[in-house]
>>> print(open('data_24.cif').read())   # mmCIF, C-alpha atoms; chains and numbers go by the auth columns
data_structure
loop_
_atom_site.group_PDB
_atom_site.id
_atom_site.type_symbol
_atom_site.label_atom_id
_atom_site.label_comp_id
_atom_site.label_asym_id
_atom_site.label_seq_id
_atom_site.Cartn_x
_atom_site.Cartn_y
_atom_site.Cartn_z
_atom_site.B_iso_or_equiv
_atom_site.auth_seq_id
_atom_site.auth_asym_id
ATOM 1 C CA MET A 1 15.655 -4.864 -20.852 0.00 1 I
ATOM 2 C CA LEU A 2 18.307 -5.465 -18.196 0.00 2 I
ATOM 3 C CA ASN A 3 18.088 -2.080 -16.484 0.00 3 I
ATOM 4 C CA GLU A 4 14.273 -1.891 -16.382 0.00 4 I
ATOM 5 C CA PRO A 5 13.063 -1.626 -12.774 0.00 5 I
ATOM 6 C CA ARG A 6 11.299 -4.722 -11.460 0.00 6 I
ATOM 7 C CA ILE A 7 9.365 -4.208 -8.256 0.00 7 I
ATOM 8 C CA TYR A 8 7.418 -6.872 -6.352 0.00 8 I
ATOM 9 C CA ILE A 9 4.883 -5.658 -3.781 0.00 9 I
ATOM 10 C CA GLN A 10 3.317 -7.863 -1.128 0.00 10 I
ATOM 11 C CA VAL A 11 0.631 -6.774 1.359 0.00 11 I
ATOM 12 C CA GLN A 12 -0.686 -8.292 4.565 0.00 12 I
ATOM 13 C CA SER A 13 -3.647 -6.709 6.360 0.00 13 I
ATOM 14 C CA THR A 14 -5.203 -7.295 9.782 0.00 14 I
ATOM 15 C CA TYR A 15 -8.248 -6.040 11.649 0.00 15 I
ATOM 16 C CA VAL A 16 -7.420 -4.016 14.783 0.00 16 I
ATOM 17 C CA GLU A 17 -10.324 -4.907 17.051 0.00 17 I
ATOM 18 C CA SER A 18 -8.942 -3.007 20.055 0.00 18 I
ATOM 19 C CA GLN A 19 -9.121 0.337 18.173 0.00 19 I
ATOM 20 C CA SER A 20 -12.376 -0.330 16.325 0.00 20 I
ATOM 21 C CA GLN A 21 -15.858 0.762 17.381 0.00 21 I
ATOM 22 C CA PRO A 22 -18.324 -1.196 15.204 0.00 22 I
ATOM 23 C CA GLU A 23 -21.341 0.417 16.893 0.00 23 I
ATOM 24 C CA GLN A 24 -20.047 3.775 15.605 0.00 24 I
ATOM 25 C CA GLN A 25 -19.147 2.440 12.119 0.00 25 I
ATOM 26 C CA ARG A 26 -15.403 2.667 12.850 0.00 26 I
ATOM 27 C CA PHE A 27 -13.357 -0.300 11.652 0.00 27 I
ATOM 28 C CA VAL A 28 -9.575 0.006 12.001 0.00 28 I
ATOM 29 C CA PHE A 29 -7.185 -2.011 9.855 0.00 29 I
ATOM 30 C CA ALA A 30 -3.405 -2.283 9.878 0.00 30 I
ATOM 31 C CA TYR A 31 -1.372 -3.364 6.890 0.00 31 I
ATOM 32 C CA THR A 32 2.256 -4.184 6.237 0.00 32 I
ATOM 33 C CA ILE A 33 3.702 -3.687 2.792 0.00 33 I
ATOM 34 C CA SER A 34 6.931 -5.223 1.536 0.00 34 I
ATOM 35 C CA ILE A 35 8.506 -3.694 -1.553 0.00 35 I
ATOM 36 C CA ARG A 36 11.175 -5.878 -3.142 0.00 36 I
ATOM 37 C CA ASN A 37 13.550 -4.530 -5.773 0.00 37 I
ATOM 38 C CA LEU A 38 14.177 -7.385 -8.209 0.00 38 I
ATOM 39 C CA GLY A 39 16.034 -5.122 -10.650 0.00 39 I
ATOM 40 C CA HIS A 40 19.755 -4.627 -11.153 0.00 40 I
ATOM 41 C CA PHE A 41 19.897 -1.046 -9.841 0.00 41 I
ATOM 42 C CA PRO A 42 18.583 0.879 -6.821 0.00 42 I
ATOM 43 C CA VAL A 43 15.207 2.619 -6.932 0.00 43 I
ATOM 44 C CA GLN A 44 13.662 5.294 -4.728 0.00 44 I
ATOM 45 C CA LEU A 45 10.054 5.604 -3.633 0.00 45 I
ATOM 46 C CA ILE A 46 8.958 9.232 -4.033 0.00 46 I
ATOM 47 C CA SER A 47 5.201 9.285 -3.424 0.00 47 I
ATOM 48 C CA ARG A 48 2.111 7.133 -3.008 0.00 48 I
ATOM 49 C CA TYR A 49 -1.459 7.054 -4.276 0.00 49 I
ATOM 50 C CA TRP A 50 -4.246 5.043 -2.615 0.00 50 I
ATOM 51 C CA ARG A 51 -7.834 4.354 -3.550 0.00 51 I
ATOM 52 C CA ILE A 52 -9.767 2.992 -0.561 0.00 52 I
ATOM 53 C CA THR A 53 -13.246 1.617 -1.206 0.00 53 I
ATOM 54 C CA ASN A 54 -15.635 0.498 1.520 0.00 54 I
ATOM 55 C CA SER A 55 -18.394 -2.084 1.055 0.00 55 I
ATOM 56 C CA ASP A 56 -20.953 0.693 0.467 0.00 56 I
ATOM 57 C CA GLY A 57 -18.949 1.737 -2.601 0.00 57 I
ATOM 58 C CA HIS A 58 -17.660 4.964 -1.019 0.00 58 I
ATOM 59 C CA ARG A 59 -14.193 5.777 -2.362 0.00 59 I
ATOM 60 C CA THR A 60 -11.458 7.829 -0.767 0.00 60 I
ATOM 61 C CA GLU A 61 -8.304 8.850 -2.624 0.00 61 I
ATOM 62 C CA ILE A 62 -5.095 9.655 -0.807 0.00 62 I
ATOM 63 C CA GLN A 63 -1.882 11.041 -2.284 0.00 63 I
ATOM 64 C CA GLY A 64 1.276 12.083 -0.542 0.00 64 I
ATOM 65 C CA GLU A 65 5.025 12.111 -0.413 0.00 65 I
ATOM 66 C CA GLY A 66 6.789 8.910 0.543 0.00 66 I
ATOM 67 C CA VAL A 67 5.483 6.340 3.002 0.00 67 I
ATOM 68 C CA VAL A 68 5.352 6.784 6.782 0.00 68 I
ATOM 69 C CA GLY A 69 7.377 9.983 6.419 0.00 69 I
ATOM 70 C CA LYS A 70 10.162 8.413 4.349 0.00 70 I
ATOM 71 C CA GLN A 71 11.260 8.269 0.713 0.00 71 I
ATOM 72 C CA PRO A 72 13.282 5.066 0.936 0.00 72 I
ATOM 73 C CA LEU A 73 16.086 4.118 -1.415 0.00 73 I
ATOM 74 C CA ILE A 74 15.813 0.393 -2.110 0.00 74 I
ATOM 75 C CA PRO A 75 19.046 -1.226 -3.316 0.00 75 I
ATOM 76 C CA SER A 76 19.077 -3.973 -5.952 0.00 76 I
ATOM 77 C CA GLY A 77 17.961 -7.245 -4.393 0.00 77 I
ATOM 78 C CA ALA A 78 16.760 -5.551 -1.197 0.00 78 I
ATOM 79 C CA GLU A 79 13.354 -5.224 0.407 0.00 79 I
ATOM 80 C CA TYR A 80 11.749 -2.319 2.250 0.00 80 I
ATOM 81 C CA SER A 81 8.810 -2.960 4.582 0.00 81 I
ATOM 82 C CA TYR A 82 6.566 -0.599 6.514 0.00 82 I
ATOM 83 C CA SER A 83 3.295 -0.704 8.406 0.00 83 I
ATOM 84 C CA SER A 84 0.408 1.739 8.341 0.00 84 I
ATOM 85 C CA GLY A 85 -3.345 1.717 8.738 0.00 85 I
ATOM 86 C CA ALA A 86 -6.754 2.697 7.425 0.00 86 I
ATOM 87 C CA ILE A 87 -10.115 3.388 9.027 0.00 87 I
ATOM 88 C CA LEU A 88 -13.320 2.355 7.258 0.00 88 I
ATOM 89 C CA GLU A 89 -16.997 2.962 8.014 0.00 89 I
ATOM 90 C CA THR A 90 -17.810 -0.636 7.008 0.00 90 I
ATOM 91 C CA PRO A 91 -16.364 -3.995 8.124 0.00 91 I
ATOM 92 C CA LEU A 92 -15.196 -4.776 4.592 0.00 92 I
ATOM 93 C CA GLY A 93 -13.306 -2.819 1.963 0.00 93 I
ATOM 94 C CA THR A 94 -10.384 -2.766 -0.426 0.00 94 I
ATOM 95 C CA MET A 95 -7.262 -0.724 -1.043 0.00 95 I
ATOM 96 C CA GLU A 96 -5.191 -0.377 -4.185 0.00 96 I
ATOM 97 C CA GLY A 97 -2.886 2.169 -5.705 0.00 97 I
ATOM 98 C CA HIS A 98 0.635 2.820 -6.863 0.00 98 I
ATOM 99 C CA TYR A 99 3.992 4.214 -5.868 0.00 99 I
ATOM 100 C CA GLU A 100 5.719 6.884 -7.917 0.00 100 I
ATOM 101 C CA MET A 101 9.365 5.863 -8.012 0.00 101 I
ATOM 102 C CA VAL A 102 12.585 6.853 -9.753 0.00 102 I
ATOM 103 C CA ASP A 103 15.251 4.572 -11.124 0.00 103 I
ATOM 104 C CA HIS A 104 19.023 4.964 -10.661 0.00 104 I
ATOM 105 C CA GLU A 105 19.149 7.511 -13.492 0.00 105 I
ATOM 106 C CA GLY A 106 16.317 9.607 -12.062 0.00 106 I
ATOM 107 C CA HIS A 107 13.689 8.416 -14.546 0.00 107 I
ATOM 108 C CA PRO A 108 10.216 8.215 -12.996 0.00 108 I
ATOM 109 C CA PHE A 109 8.121 5.065 -13.128 0.00 109 I
ATOM 110 C CA ARG A 110 5.055 3.672 -11.419 0.00 110 I
ATOM 111 C CA ALA A 111 4.856 0.487 -9.333 0.00 111 I
ATOM 112 C CA ALA A 112 1.308 -0.817 -9.015 0.00 112 I
ATOM 113 C CA ILE A 113 0.039 -1.870 -5.604 0.00 113 I
ATOM 114 C CA PRO A 114 -2.333 -4.773 -6.190 0.00 114 I
ATOM 115 C CA VAL A 115 -5.815 -4.598 -4.713 0.00 115 I
ATOM 116 C CA PHE A 116 -6.059 -6.107 -1.241 0.00 116 I
ATOM 117 C CA ARG A 117 -8.945 -6.703 1.114 0.00 117 I
ATOM 118 C CA LEU A 118 -9.616 -5.104 4.480 0.00 118 I
ATOM 119 C CA ALA A 119 -12.083 -7.278 6.362 0.00 119 I
ATOM 120 C CA ILE A 120 -12.941 -8.280 9.893 0.00 120 I
ATOM 121 C CA PRO A 121 -12.089 -11.987 10.357 0.00 121 I
ATOM 122 C CA THR A 122 -15.692 -13.118 10.878 0.00 122 I
ATOM 123 C CA LEU A 123 -16.520 -11.994 7.313 0.00 123 I
ATOM 124 C CA ILE A 124 -13.894 -14.217 5.693 0.00 124 I
ATOM 125 C CA ASN A 125 -14.595 -17.940 5.534 0.00 125 I
#
>>> encode(input="data_24.cif", output="structure tokens")
Amino acid sequence: MLNEPRIYIQVQSTYVESQSQPEQQRFVFAYTISIRNLGHFPVQLISRYWRITNSDGHRTEIQGEGVVGKQPLIPSGAEYSYSSGAILETPLGTMEGHYEMVDHEGHPFRAAIPVFRLAIPTLIN
């Protein structure tokens, strides 16, 4: 269908050593997400849902309005990027989730955020 929203999401994560305290089981990660609207009409991001899992299997779920305090409108062909962070109790974990969005006619839809890894560099070879 021509007017069906098409959203492409790309994530890049990094370990923030300067803010981490491994001896206290505090591992800080930053991530940048780029949301590209490949559809023919604008879309708006309304809310987010995250599932964060550490390497011990502990899961945390987070829901909230928008991203970094915004509910961006993303025009056709445009990209919206933002950076945020997460704190884990283990040096390895994953994040995944979805954005609740609306199309140009106000119809809600979900854009999946693919699972991505949070890991200190020495764990990845």
>>> closest_residue(input="data_24.cif", among="I:Tyr82, I:Phe41, I:Phe116, I:Phe29", to="I:Val16", atoms="only C-alpha atoms")
I:Phe29
>>> resolve_selection(input="data_24.cif", expression="the PyMOL selection byres ((chain I and resi 79) around 9)", output="number ranges by chain")
I: 34-38, 74-78, 80-81
>>> atom_distance(input="data_24.cif", atom1="atom CA of I:Ser20", atom2="atom CA of I:Pro121")
13.1 Å
>>> residues_around(input="data_24.cif", residues="I:Arg51", least_positions_apart="4", cutoff="6 Å", atoms="only C-alpha atoms", output="list in words")
Thr60, Glu61, Met95, Glu96 and Gly97 of chain I
>>> closest_residue(input="data_24.cif", among="I:Leu73, I:Ala30, I:Leu88, I:Val11", to="I:Asp103", atoms="all atoms listed in the file")
I:Leu73
>>> closest_residue(input="data_24.cif", among="I:Arg26, I:Lys70, I:Arg48, I:Arg110", to="I:Ile7", atoms="only C-alpha atoms")
I:Arg110
>>> resolve_selection(input="data_24.cif", expression="the PyMOL selection byres ((chain I and resi 62) around 6)", output="PyMOL selection string")
chain I and resi 49-50+61+63
>>> closest_residue(input="data_24.cif", among="I:Val102, I:Ile52, I:Ala86, I:Val115", to="I:Tyr15", atoms="only C-alpha atoms")
I:Ala86
>>> resolve_selection(input="data_24.cif", expression="the PyMOL selection byres ((chain I and resi 55) around 8)", output="list in words")
Thr53, Asn54, Asp56, Gly57, His58, Thr90, Pro91, Leu92 and Gly93 of chain I
>>> write_last_selection(input="data_24.cif", atoms="C-alpha atoms", output="tab-separated table (two decimals), in the frame of the given file")
chain	number	residue	atom	x	y	z
I	53	THR	CA	-13.25	1.62	-1.21
I	54	ASN	CA	-15.64	0.50	1.52
I	56	ASP	CA	-20.95	0.69	0.47
I	57	GLY	CA	-18.95	1.74	-2.60
I	58	HIS	CA	-17.66	4.96	-1.02
I	90	THR	CA	-17.81	-0.64	7.01
I	91	PRO	CA	-16.36	-4.00	8.12
I	92	LEU	CA	-15.20	-4.78	4.59
I	93	GLY	CA	-13.31	-2.82	1.96
>>> closest_residue(input="data_24.cif", among="I:Ser83, I:Arg117, I:Gln10, I:Gln44", to="I:Tyr31", atoms="only C-alpha atoms")
I:Ser83
>>> atom_distance(input="data_24.cif", atom1="atom CA of I:Pro114", atom2="atom CA of I:Met101")
15.9 Å
